[in-house]
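Structure below is work09.pdb: PDB, C-alpha atoms and all ligand atoms.
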ATOM      1  CA  MET A 790       0.000   0.000   0.000
ATOM      2  CA  SER A 791       1.462   3.424  -0.924
ATOM      3  CA  THR A 792       1.922   6.053   1.748
ATOM      4  CA  THR A 793       1.160   9.360   0.060
ATOM      5  CA  ALA A 794      -1.017  11.677   2.133
ATOM      6  CA  ASP A 795      -4.405  10.701   0.696
ATOM      7  CA  SER A 796      -3.805   7.092  -0.312
ATOM      8  CA  PRO A 797      -5.538   4.380   1.717
ATOM      9  CA  PHE A 798      -3.790   3.133   4.846
ATOM     10  CA  VAL A 799      -4.584   0.897   7.796
ATOM     11  CA  ARG A 800      -4.911   2.307  11.285
ATOM     12  CA  GLN A 801      -6.396   1.475  14.652
ATOM     13  CA  LEU A 802      -9.853   3.019  14.964
ATOM     14  CA  THR A 803     -10.854   5.134  17.959
ATOM     15  CA  VAL A 804     -14.075   6.431  19.470
ATOM     16  CA  THR A 805     -14.043   9.364  17.019
ATOM     17  CA  ASP A 806     -14.530   6.812  14.214
ATOM     18  CA  LEU A 807     -17.808   5.535  15.698
ATOM     19  CA  PRO A 808     -20.186   7.491  13.387
ATOM     20  CA  GLY A 809     -18.194   6.435  10.302
ATOM     21  CA  MET A 810     -18.236   2.797  11.414
ATOM     22  CA  VAL A 811     -21.977   2.807  11.998
ATOM     23  CA  ALA A 812     -22.559   4.346   8.547
ATOM     24  CA  LEU A 813     -20.247   1.789   6.905
ATOM     25  CA  GLN A 814     -22.013  -1.087   8.695
ATOM     26  CA  GLU A 815     -25.345   0.154   7.371
ATOM     27  CA  ALA A 816     -24.033   0.545   3.812
ATOM     28  CA  VAL A 817     -22.470  -2.939   3.757
ATOM     29  CA  THR A 818     -25.176  -4.961   5.500
ATOM     30  CA  ALA A 819     -28.055  -3.435   3.490
ATOM     31  CA  LYS A 820     -27.280  -5.661   0.500
ATOM     32  CA  LEU A 821     -25.927  -8.788   2.159
ATOM     33  CA  PRO A 822     -27.526 -12.243   2.333
ATOM     34  CA  VAL A 823     -28.827 -13.151   5.795
ATOM     35  CA  GLY A 824     -26.093 -14.459   8.079
ATOM     36  CA  PHE A 825     -23.053 -13.077   6.245
ATOM     37  CA  VAL A 826     -22.365 -10.582   8.988
ATOM     38  CA  ARG A 827     -24.346  -9.101  11.859
ATOM     39  CA  SER A 828     -24.243  -5.350  12.459
ATOM     40  CA  LYS A 829     -23.219  -4.458  15.983
ATOM     41  CA  THR A 830     -25.070  -1.829  17.976
ATOM     42  CA  GLU A 831     -23.331   1.490  18.661
ATOM     43  CA  SER A 832     -22.534   0.476  22.199
ATOM     44  CA  GLU A 833     -21.111  -2.880  21.056
ATOM     45  CA  VAL A 834     -18.875  -1.123  18.519
ATOM     46  CA  ARG A 835     -17.786   1.438  21.109
ATOM     47  CA  ALA A 836     -16.539  -1.377  23.345
ATOM     48  CA  TYR A 837     -13.949  -2.243  20.659
ATOM     49  CA  LEU A 838     -12.990   1.378  20.082
ATOM     50  CA  ASP A 839     -12.356   2.078  23.766
ATOM     51  CA  GLY A 840     -10.555  -1.240  24.309
ATOM     52  CA  THR A 841     -13.162  -2.825  26.586
ATOM     53  CA  HIS A 842     -13.758  -5.870  24.371
ATOM     54  CA  GLY A 843     -10.869  -5.720  21.943
ATOM     55  CA  ILE A 844      -9.596  -3.550  19.147
ATOM     56  CA  ALA A 845     -10.762  -2.189  15.779
ATOM     57  CA  TYR A 846      -8.788  -1.499  12.618
ATOM     58  CA  GLY A 847      -9.877   0.312   9.495
ATOM     59  CA  ILE A 848      -8.659   1.278   6.070
ATOM     60  CA  VAL A 849      -8.995   5.013   5.577
ATOM     61  CA  GLU A 850      -8.526   7.227   2.572
ATOM     62  CA  GLY A 851      -8.372  10.885   3.517
ATOM     63  CA  SER A 852     -11.278  11.209   5.944
ATOM     64  CA  VAL A 853     -13.272   8.327   4.396
ATOM     65  CA  LEU A 854     -13.528   4.912   6.003
ATOM     66  CA  LEU A 855     -13.319   2.209   3.320
ATOM     67  CA  ALA A 856     -13.174  -0.888   5.512
ATOM     68  CA  ILE A 857     -13.470  -1.912   9.160
ATOM     69  CA  SER A 858     -12.699  -5.002  11.208
ATOM     70  CA  LEU A 859     -12.849  -6.015  14.846
ATOM     71  CA  LEU A 860     -10.838  -8.336  17.045
ATOM     72  CA  ARG A 861     -12.423  -9.498  20.278
ATOM     73  CA  ILE A 862      -9.878 -10.095  22.983
ATOM     74  CA  PRO A 863     -10.911 -11.752  26.233
ATOM     75  CA  ASP A 864      -9.539 -10.553  29.558
ATOM     76  CA  GLU A 865     -10.123 -11.232  33.251
ATOM     77  CA  ASN A 866     -13.148  -8.920  33.244
ATOM     78  CA  HIS A 867     -14.567 -10.282  29.971
ATOM     79  CA  PRO A 868     -13.485 -13.922  29.593
ATOM     80  CA  ASN A 869     -14.898 -16.118  26.827
ATOM     81  CA  ALA A 870     -17.990 -17.775  28.230
ATOM     82  CA  GLY A 871     -19.613 -21.152  27.693
ATOM     83  CA  LEU A 872     -17.958 -24.213  26.237
ATOM     84  CA  PRO A 873     -14.828 -23.871  24.077
ATOM     85  CA  PHE A 874     -14.645 -23.298  20.337
ATOM     86  CA  PRO A 875     -13.968 -26.595  18.509
ATOM     87  CA  LEU A 876     -10.435 -27.901  19.209
ATOM     88  CA  VAL A 877      -9.469 -25.069  21.575
ATOM     89  CA  PRO A 878      -8.227 -26.690  24.801
ATOM     90  CA  GLU A 879     -10.323 -25.996  27.888
ATOM     91  CA  LYS A 880      -7.374 -24.362  29.655
ATOM     92  CA  ASP A 881      -6.899 -21.803  26.866
ATOM     93  CA  TRP A 882     -10.510 -21.044  26.217
ATOM     94  CA  SER A 883     -11.488 -18.296  28.645
ATOM     95  CA  LEU A 884      -8.478 -15.988  28.253
ATOM     96  CA  CYS A 885      -6.316 -17.072  25.305
ATOM     97  CA  ALA A 886      -8.728 -17.360  22.357
ATOM     98  CA  CYS A 887      -9.592 -14.217  20.379
ATOM     99  CA  PHE A 888     -12.204 -13.707  17.650
ATOM    100  CA  LEU A 889     -11.996 -12.127  14.237
ATOM    101  CA  GLU A 890     -15.250 -10.242  13.789
ATOM    102  CA  ASN A 891     -17.186  -7.930  11.486
ATOM    103  CA  THR A 892     -14.828  -7.254   8.611
ATOM    104  CA  MET A 893     -16.720  -5.042   6.180
ATOM    105  CA  VAL A 894     -15.356  -3.476   3.022
ATOM    106  CA  LEU A 895     -17.398  -0.942   1.051
ATOM    107  CA  PRO A 896     -18.543  -2.628  -2.203
ATOM    108  CA  ALA A 897     -16.574  -0.155  -4.341
ATOM    109  CA  ALA A 898     -13.361  -0.937  -2.434
ATOM    110  CA  ARG A 899     -13.491  -4.754  -2.623
ATOM    111  CA  GLY A 900     -10.912  -6.951  -4.326
ATOM    112  CA  ARG A 901      -8.000  -4.651  -3.357
ATOM    113  CA  GLY A 902      -6.700  -6.896  -0.582
ATOM    114  CA  TYR A 903      -8.146  -4.840   2.307
ATOM    115  CA  HIS A 904      -9.578  -7.933   4.016
ATOM    116  CA  ARG A 905      -6.144  -9.551   4.018
ATOM    117  CA  ILE A 906      -4.492  -6.362   5.275
ATOM    118  CA  LEU A 907      -6.969  -6.096   8.147
ATOM    119  CA  LEU A 908      -6.415  -9.758   8.913
ATOM    120  CA  ARG A 909      -2.665  -9.191   9.181
ATOM    121  CA  ALA A 910      -3.144  -6.189  11.478
ATOM    122  CA  ARG A 911      -5.378  -8.173  13.818
ATOM    123  CA  LEU A 912      -3.153 -11.255  13.874
ATOM    124  CA  SER A 913      -0.205  -9.088  14.733
ATOM    125  CA  TYR A 914      -2.160  -7.462  17.578
ATOM    126  CA  ALA A 915      -3.367 -10.882  18.789
ATOM    127  CA  ALA A 916       0.237 -12.091  18.964
ATOM    128  CA  SER A 917       1.274  -9.024  20.960
ATOM    129  CA  ALA A 918      -1.693  -9.598  23.309
ATOM    130  CA  LYS A 919      -0.351 -13.140  23.958
ATOM    131  CA  MET A 920      -3.391 -14.863  22.490
ATOM    132  CA  ARG A 921      -2.851 -18.537  21.614
ATOM    133  CA  TRP A 922      -5.876 -19.136  19.383
ATOM    134  CA  ILE A 923      -7.635 -17.155  16.675
ATOM    135  CA  CYS A 924     -11.238 -18.082  15.965
ATOM    136  CA  ALA A 925     -13.746 -16.987  13.336
ATOM    137  CA  GLY A 926     -17.223 -17.982  12.185
ATOM    138  CA  VAL A 927     -18.176 -17.509   8.522
ATOM    139  CA  HIS A 928     -21.315 -18.313   6.526
ATOM    140  CA  LEU A 929     -20.389 -21.230   4.253
ATOM    141  CA  GLN A 930     -21.636 -19.310   1.216
ATOM    142  CA  ASN A 931     -19.357 -16.389   2.056
ATOM    143  CA  SER A 932     -16.465 -18.010   0.225
ATOM    144  CA  VAL A 933     -14.611 -14.739  -0.449
ATOM    145  CA  SER A 934     -14.272 -14.353   3.314
ATOM    146  CA  TRP A 935     -13.415 -17.911   4.369
ATOM    147  CA  THR A 936     -11.013 -18.589   1.489
ATOM    148  CA  ASN A 937      -8.993 -15.569   2.649
ATOM    149  CA  LEU A 938      -8.870 -17.052   6.153
ATOM    150  CA  LEU A 939      -7.881 -20.495   4.853
ATOM    151  CA  ALA A 940      -5.144 -18.904   2.727
ATOM    152  CA  LYS A 941      -3.809 -17.221   5.866
ATOM    153  CA  GLY A 942      -3.380 -20.627   7.502
ATOM    154  CA  MET A 943      -6.621 -20.969   9.433
ATOM    155  CA  ALA A 944      -8.263 -24.394   9.419
ATOM    156  CA  ILE A 945     -11.933 -25.324   9.277
ATOM    157  CA  ALA A 946     -12.507 -26.875  12.689
ATOM    158  CA  GLY A 947     -16.287 -26.948  13.089
ATOM    159  CA  ILE A 948     -19.658 -26.308  11.505
ATOM    160  CA  ARG A 949     -22.966 -25.253  13.020
ATOM    161  CA  PHE A 950     -26.487 -25.187  11.615
ATOM    162  CA  ASP A 951     -28.575 -23.885  14.506
ATOM    163  CA  LEU A 952     -29.025 -20.382  13.069
ATOM    164  CA  GLY A 953     -30.766 -21.778  10.004
ATOM    165  CA  TYR A 954     -27.736 -21.656   7.679
ATOM    166  CA  PRO A 955     -24.308 -23.312   7.803
ATOM    167  CA  ILE A 956     -21.565 -21.401   9.624
ATOM    168  CA  ILE A 957     -18.068 -22.839   9.523
ATOM    169  CA  GLY A 958     -15.692 -22.280  12.427
ATOM    170  CA  LEU A 959     -12.120 -21.447  11.440
ATOM    171  CA  LEU A 960      -9.230 -21.708  13.837
ATOM    172  CA  SER A 961      -5.508 -21.097  13.938
ATOM    173  CA  SER A 962      -2.832 -20.983  16.592
ATOM    174  CA  PHE A 963       0.454 -19.175  17.008
ATOM    175  CA  ASP A 964       1.859 -22.545  18.042
ATOM    176  CA  ALA A 965       2.729 -24.190  14.713
ATOM    177  CA  LEU A 966       2.311 -27.636  16.310
ATOM    178  CA  ALA A 967      -1.086 -26.974  17.840
ATOM    179  CA  LEU A 968      -3.217 -28.391  15.005
ATOM    180  CA  PRO A 969      -1.113 -31.143  13.441
ATOM    181  CA  SER A 970      -2.719 -32.907  10.511
ATOM    182  CA  ASP A 971      -1.569 -35.721   8.279
ATOM    183  CA  SER A 972      -0.853 -34.695   4.669
ATOM    184  CA  ASN A 973      -0.883 -38.414   3.749
ATOM    185  CA  ASN A 974      -4.479 -38.705   4.866
ATOM    186  CA  GLN A 975      -6.588 -36.267   2.881
ATOM    187  CA  VAL A 976     -10.136 -35.987   1.588
ATOM    188  CA  SER A 977     -11.504 -33.507  -0.925
ATOM    189  CA  ILE A 978     -14.764 -31.796   0.040
ATOM    190  CA  ARG A 979     -17.152 -29.885  -2.220
ATOM    191  CA  ALA A 980     -16.775 -26.356  -0.892
ATOM    192  CA  GLN A 981     -20.462 -25.464  -0.827
ATOM    193  CA  ASP A 982     -21.763 -28.777   0.552
ATOM    194  CA  PRO A 983     -22.286 -28.335   4.304
ATOM    195  CA  TRP A 984     -22.973 -32.036   4.868
ATOM    196  CA  GLN A 985     -19.647 -33.060   3.380
ATOM    197  CA  HIS A 986     -17.900 -30.593   5.681
ATOM    198  CA  GLN A 987     -19.828 -31.956   8.650
ATOM    199  CA  ALA A 988     -19.005 -35.566   7.770
ATOM    200  CA  ALA A 989     -15.274 -34.837   7.432
ATOM    201  CA  LEU A 990     -15.215 -32.922  10.721
ATOM    202  CA  GLN A 991     -17.057 -35.705  12.508
ATOM    203  CA  ASP A 992     -14.535 -38.143  11.116
ATOM    204  CA  GLY A 993     -11.621 -36.260  12.716
ATOM    205  CA  TYR A 994     -10.464 -34.148   9.747
ATOM    206  CA  ILE A 995      -9.850 -30.411   9.528
ATOM    207  CA  GLY A 996     -10.110 -28.276   6.385
ATOM    208  CA  VAL A 997      -6.668 -26.934   5.555
ATOM    209  CA  ARG A 998      -6.608 -25.460   2.062
ATOM    210  CA  LEU A 999      -8.382 -24.803  -1.200
ATOM    211  CA  ALA A1000      -7.547 -27.077  -4.139
ATOM    212  CA  SER A1001      -7.142 -25.725  -7.669
ATOM    213  CA  ASP A1002     -10.582 -27.116  -8.590
ATOM    214  CA  GLY A1003     -12.232 -25.114  -5.775
ATOM    215  CA  ALA A1004     -12.661 -28.097  -3.420
ATOM    216  CA  VAL A1005     -11.520 -27.896   0.202
ATOM    217  CA  ILE A1006      -8.778 -30.312   1.197
ATOM    218  CA  TYR A1007      -9.284 -31.825   4.630
ATOM    219  CA  GLN A1008      -6.511 -33.640   6.486
ATOM    220  CA  ARG A1009      -6.933 -35.963   9.416
ATOM    221  CA  LEU A1010      -5.831 -34.508  12.716
ATOM    222  CA  SER A1011      -2.814 -36.357  14.007
ATOM    223  CA  SER A1012      -1.568 -36.627  17.558
ATOM    224  CA  ARG A1013       1.028 -34.061  18.582
ATOM    225  CA  GLY A1014       4.537 -34.683  17.387
ATOM    226  CA  MET A1015       4.121 -38.126  15.817
ATOM    227  CA  ARG A1016       2.820 -39.752  12.664
ATOM    228  CA  PRO A1017       0.400 -42.412  13.866
ATOM    229  CA  THR A1018       0.359 -45.982  12.612
ATOM    230  CA  THR A1019      -2.941 -47.321  11.319
ATOM    231  CA  SER A1020      -3.892 -48.926  14.635
ATOM    232  CA  MET A1021      -2.804 -45.882  16.604
ATOM    233  CA  ARG A1022      -4.686 -43.707  14.155
ATOM    234  CA  LEU A1023      -7.871 -45.626  14.877
ATOM    235  CA  LYS A1024      -7.480 -45.010  18.597
ATOM    236  CA  VAL A1025      -6.532 -41.399  18.100
ATOM    237  CA  SER A1026      -9.334 -40.742  15.671
ATOM    238  CA  GLN A1027     -11.930 -42.156  18.095
ATOM    239  CA  ARG A1028     -10.652 -39.844  20.808
ATOM    240  CA  ILE A1029     -10.612 -36.903  18.421
ATOM    241  CA  LEU A1030     -14.048 -37.820  17.187
ATOM    242  CA  ASN A1031     -15.423 -37.728  20.730
ATOM    243  CA  ARG A1032     -13.678 -34.438  21.356
ATOM    244  CA  LEU A1033     -14.996 -33.019  18.089
ATOM    245  CA  HIS A1034     -18.550 -33.975  19.008
ATOM    246  CA  LEU A1035     -18.170 -32.246  22.350
ATOM    247  CA  ARG A1036     -16.525 -29.189  20.891
ATOM    248  CA  GLU A1037     -19.010 -28.947  18.052
ATOM    249  CA  ARG A1038     -21.801 -28.914  20.615
ATOM    250  CA  ALA A1039     -19.786 -26.323  22.462
ATOM    251  CA  LEU A1040     -19.618 -24.129  19.367
ATOM    252  CA  PHE A1041     -23.373 -24.341  18.935
ATOM    253  CA  ILE A1042     -24.203 -23.667  22.543
ATOM    254  CA  CYS A1043     -21.755 -20.933  23.361
ATOM    255  CA  GLN A1044     -22.329 -19.074  20.131
ATOM    256  CA  LYS A1045     -26.060 -19.255  20.584
ATOM    257  CA  ARG A1046     -25.628 -17.742  24.030
ATOM    258  CA  ASN A1047     -23.358 -15.061  22.758
ATOM    259  CA  GLU A1048     -23.798 -13.959  19.139
ATOM    260  CA  ARG A1049     -20.623 -11.936  19.410
ATOM    261  CA  ASN A1050     -18.627 -15.146  19.081
ATOM    262  CA  GLY A1051     -19.574 -15.860  15.531
ATOM    263  CA  LEU A1052     -19.146 -13.358  12.763
TER     264      LEU A1052
HETATM  265  C1  LIG B   1     -15.534 -10.550   2.523
HETATM  266  C2  LIG B   1     -14.910  -9.170   2.331
HETATM  267  C3  LIG B   1     -14.563  -8.615   3.705
HETATM  268  C4  LIG B   1     -13.651  -9.330   1.476
HETATM  269  O1  LIG B   1     -13.017  -8.074   1.412
HETATM  270  P1  LIG B   1     -11.996  -7.662   0.237
HETATM  271  O2  LIG B   1     -11.200  -6.532   0.752
HETATM  272  O3  LIG B   1     -12.717  -7.520  -1.032
HETATM  273  O4  LIG B   1     -11.079  -8.967   0.191
HETATM  274  P2  LIG B   1      -9.631  -9.040  -0.440
HETATM  275  O5  LIG B   1      -9.515  -8.043  -1.537
HETATM  276  O6  LIG B   1      -8.625  -9.006   0.669
HETATM  277  O7  LIG B   1      -9.594 -10.493  -1.008
HETATM  278  C5  LIG B   1     -10.615 -10.882  -1.800
HETATM  279  C6  LIG B   1     -10.197 -12.092  -2.556
HETATM  280  O8  LIG B   1     -11.384 -12.621  -3.058
HETATM  281  C7  LIG B   1     -11.468 -12.299  -4.423
HETATM  282  N1  LIG B   1     -12.776 -11.679  -4.593
HETATM  283  C8  LIG B   1     -13.171 -10.478  -4.220
HETATM  284  N2  LIG B   1     -14.453 -10.262  -4.561
HETATM  285  C9  LIG B   1     -14.842 -11.392  -5.165
HETATM  286  C10 LIG B   1     -16.067 -11.805  -5.729
HETATM  287  N3  LIG B   1     -17.152 -11.025  -5.734
HETATM  288  N4  LIG B   1     -16.126 -13.038  -6.241
HETATM  289  C11 LIG B   1     -15.038 -13.851  -6.223
HETATM  290  N5  LIG B   1     -13.860 -13.510  -5.695
HETATM  291  C12 LIG B   1     -13.770 -12.289  -5.178
HETATM  292  C13 LIG B   1     -10.382 -11.324  -4.737
HETATM  293  O9  LIG B   1      -9.981 -11.471  -6.071
HETATM  294  C14 LIG B   1      -9.321 -11.717  -3.727
HETATM  295  O10 LIG B   1      -8.620 -12.882  -4.105
HETATM  296  P3  LIG B   1      -7.229 -12.815  -4.882
HETATM  297  O11 LIG B   1      -6.444 -11.701  -4.316
HETATM  298  O12 LIG B   1      -6.607 -14.141  -4.641
HETATM  299  O13 LIG B   1      -7.580 -12.566  -6.293
HETATM  300  C15 LIG B   1     -15.862  -8.201   1.580
HETATM  301  O14 LIG B   1     -16.323  -8.842   0.411
HETATM  302  C16 LIG B   1     -17.052  -7.746   2.401
HETATM  303  O15 LIG B   1     -17.021  -6.715   3.064
HETATM  304  N6  LIG B   1     -18.148  -8.513   2.362
HETATM  305  C17 LIG B   1     -19.343  -8.151   3.073
HETATM  306  C18 LIG B   1     -19.186  -8.335   4.595
HETATM  307  C19 LIG B   1     -18.752  -9.735   4.924
HETATM  308  O16 LIG B   1     -19.276 -10.702   4.416
HETATM  309  N7  LIG B   1     -17.777  -9.818   5.840
HETATM  310  C20 LIG B   1     -17.189 -11.052   6.255
HETATM  311  C21 LIG B   1     -17.920 -11.591   7.405
HETATM  312  S1  LIG B   1     -17.237 -13.141   7.930
END

Rewrite the coordinates I just gave you, this time as structure tokens.
Amino acid sequence: MSTTADSPFVRQLTVTDLPGMVALQEAVTAKLPVGFVRSKTESEVRAYLDGTHGIAYGIVEGSVLLAISLLRIPDENHPNAGLPFPLVPEKDWSLCACFLENTMVLPAARGRGYHRILLRARLSYAASAKMRWICAGVHLQNSVSWTNLLAKGMAIAGIRFDLGYPIIGLLSSFDALALPSDSNNQVSIRAQDPWQHQAALQDGYIGVRLASDGAVIYQRLSSRGMRPTTSMRLKVSQRILNRLHLRERALFICQKRNERNGL
């Protein structure tokens, strides 16, 4: 991105940006399919601008806001509630898992890489805030959004249907060994078929990348630090399967309780 005075740049948003953010939310959500993103109320947005619930970044050009994004950061006063996001260990859940939320780019400014820039800014902040896990929920049909997250190294770790449409849960960790998967054990999933995603997840796989034909490649989760033999893999996969069932329920329940968790 160039740095001349009026060219677009990324910056942390503050309370003075609140009116611009509310206007941008209205402009973006007016034409979106149900479930792509939920507008936050003014007081919810303010809690990111004043640091109560996290941080907000935007892309600005002169005095115009072109794009916004939020990162929810838990702390002792506002820990993550309910059961953990799929695959996030119980011990990390309340204080070490942050959420990518509400990225919105004005229609005229899309396709310029702003989503990816805002993603980088938030990941960098999450690392400095000592978060271990980054979570996001995306409507399955919102492929522009989730393919960007996959390309940045996030994995599809869960899917929920309770809102009336499929939402996939994407997860990554700053610990490169936290989500080990076996590149010798892959399945190819039709990107827009929620039931195929669900079946792969229930079978102990995570979605790791997009194939050239547009399918999502899933790899079986492997146990930390070793490549399991077939018999070990059976044991491991049963354990992971049980854990996935629990965590998938957790995703449903905790996100239902707290809509902030999802989008
Ligand atoms: C999803 C969204 C944030 C993406 O923002 P963006 O700044 O346009 O994204 P980027 O430019 O960083 O990346 C977009 C990628 O998707 C591609 N893309 C953009 N618009 C596309 C479209 N309509 N169809 C297909 N691909 C598209 C781009 O080409 C780019 O990929 P490439 O660089 O490999 O070519 C934006 O479309 C948006 O605001 N949508 C409405 C709100 C929303 O759904 N937010 C996400 C909630 S989870």

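Distances to ligand LIG 1 (chain B) were evaluated for A:Val834, A:Ala898, A:Ala944, A:Leu939 using all atoms listed in the file, and the minimum falls at A:Ala898.
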
Near ligand LIG 1 (chain B), 6 Å: chain A residue rows, closest pairs, all atoms listed in the file, as a Markdown table:
| residue | atom | partner | partner_atom | distance |
| --- | --- | --- | --- | --- |
| A:Phe825 | CA | B:LIG1 | O16 | 4.8 |
| A:Val826 | CA | B:LIG1 | C21 | 4.8 |
| A:Asn891 | CA | B:LIG1 | C21 | 5.5 |
| A:Thr892 | CA | B:LIG1 | N7 | 4.8 |
| A:Met893 | CA | B:LIG1 | O15 | 3.5 |
| A:Val894 | CA | B:LIG1 | O15 | 3.6 |
| A:Arg899 | CA | B:LIG1 | O3 | 3.3 |
| A:Gly900 | CA | B:LIG1 | O5 | 3.3 |
| A:Arg901 | CA | B:LIG1 | O5 | 4.1 |
| A:Gly902 | CA | B:LIG1 | O6 | 3.1 |
| A:Tyr903 | CA | B:LIG1 | O2 | 3.8 |
| A:His904 | CA | B:LIG1 | O6 | 3.6 |
| A:Arg905 | CA | B:LIG1 | O6 | 4.2 |
| A:Val927 | CA | B:LIG1 | S1 | 4.5 |
| A:Val933 | CA | B:LIG1 | O8 | 4.7 |
| A:Ser934 | CA | B:LIG1 | C1 | 4.1 |
| A:Leu1052 | CA | B:LIG1 | S1 | 5.2 |

- Decode the PyMOL selection byres (((chain A and resi 1003) around 10) and not hetatm) for the given file into explicit residues and return them as a ChimeraX atom specification. /A:936,977-981,998-1002,1004-1006

- Task: Just give me the gap between atom CA of A:Pro875 and atom CA of A:Phe950 in Å, one decimal is fine.
- Result: 14.4 Å

- Message: Could you tell me, as a PyMOL selection string, exactly which residues end up selected when the PyMOL selection byres (((chain A and resi 801) around 12) and not hetatm) is applied to this structure?
- Response: chain A and resi 798-800+802-806+837-840+843-849+854+856-860+907+910-911+914

- Task: Calculate how many Å separate atom CA of A:Val976 from atom CA of A:Gly947, rounding to one decimal.
- Result: 15.9 Å

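Here the question is which of A:Leu855, A:Leu908, A:Ala915, A:Leu876 gets nearest to A:Ile995 using all atoms listed in the file, and that residue is A:Leu876.
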
List as an mmCIF file with C-alpha atoms, keeping the file's coordinate frame the residues having at least one atom at most 9 Å from position (-11.7, -23.5, 9.8) as given in the file, counting all atoms listed in the file.
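Generated output (selection11.cif):
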data_model
loop_
_atom_site.group_PDB
_atom_site.id
_atom_site.type_symbol
_atom_site.label_atom_id
_atom_site.label_comp_id
_atom_site.auth_asym_id
_atom_site.auth_seq_id
_atom_site.Cartn_x
_atom_site.Cartn_y
_atom_site.Cartn_z
ATOM 1 C CA CYS A 924 -11.238 -18.082 15.965
ATOM 2 C CA ALA A 925 -13.746 -16.987 13.336
ATOM 3 C CA GLY A 926 -17.223 -17.982 12.185
ATOM 4 C CA VAL A 927 -18.176 -17.509 8.522
ATOM 5 C CA TRP A 935 -13.415 -17.911 4.369
ATOM 6 C CA LEU A 938 -8.870 -17.052 6.153
ATOM 7 C CA LEU A 939 -7.881 -20.495 4.853
ATOM 8 C CA MET A 943 -6.621 -20.969 9.433
ATOM 9 C CA ALA A 944 -8.263 -24.394 9.419
ATOM 10 C CA ILE A 945 -11.933 -25.324 9.277
ATOM 11 C CA ALA A 946 -12.507 -26.875 12.689
ATOM 12 C CA GLY A 947 -16.287 -26.948 13.089
ATOM 13 C CA ILE A 948 -19.658 -26.308 11.505
ATOM 14 C CA ILE A 957 -18.068 -22.839 9.523
ATOM 15 C CA GLY A 958 -15.692 -22.280 12.427
ATOM 16 C CA LEU A 959 -12.120 -21.447 11.440
ATOM 17 C CA LEU A 960 -9.230 -21.708 13.837
ATOM 18 C CA SER A 961 -5.508 -21.097 13.938
ATOM 19 C CA ILE A 995 -9.850 -30.411 9.528
ATOM 20 C CA GLY A 996 -10.110 -28.276 6.385
ATOM 21 C CA VAL A 997 -6.668 -26.934 5.555
#

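Coordinates place atom CA of A:Asp992 at a distance of 13.5 Å from atom CA of A:Asp971.
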
- Message: For this structure, which residues satisfy the selection - the PyMOL selection byres (((chain A and resi 880-883) around 9) and not hetatm) - when it is evaluated on the file as given? I want them as a ChimeraX atom specification.
- Response: /A:863-865,867-874,877-879,884-886,920-922

- Task: Go through A:Ser1012, A:Ala988, A:Ala816, A:Tyr1007 and flag the residue nearest A:Leu895, using all atoms listed in the file for the distances.
- Result: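 Among the listed residues, the smallest separation from A:Leu895 belongs to A:Ala816.
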
Residues near A:Thr830, cut-off 10 Å, only C-alpha atoms, skip fewer than 3 positions along chain, as a compact mmCIF listing (two decimals) with C-alpha atoms, in the coordinates of the input:
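Dumped everything to around-v1.txt:
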# COMPACT_ATOMS: atom_id res chain seq x y z
CA VAL A 811 -21.98 2.81 12.00
CA GLN A 814 -22.01 -1.09 8.70
CA ARG A 827 -24.35 -9.10 11.86
CA GLU A 833 -21.11 -2.88 21.06
CA VAL A 834 -18.88 -1.12 18.52
CA ARG A 835 -17.79 1.44 21.11

- For A:Val853, which residue out of A:Pro983, A:Ser832, A:Met810, A:Ser962 is the nearest one, using all atoms listed in the file?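 Smallest separation from A:Val853 among the options: A:Met810.
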
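Closest approach to A:Asn973 from the set A:His842, A:Arg909, A:Arg1009, A:Lys829 is made by A:Arg1009, with distances taken over only C-alpha atoms.
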
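With only C-alpha atoms as the basis for measurement, A:Leu1010 is the residue among A:Leu912, A:Ile923, A:Leu1010, A:Ile956 that approaches A:Gln975 most closely.
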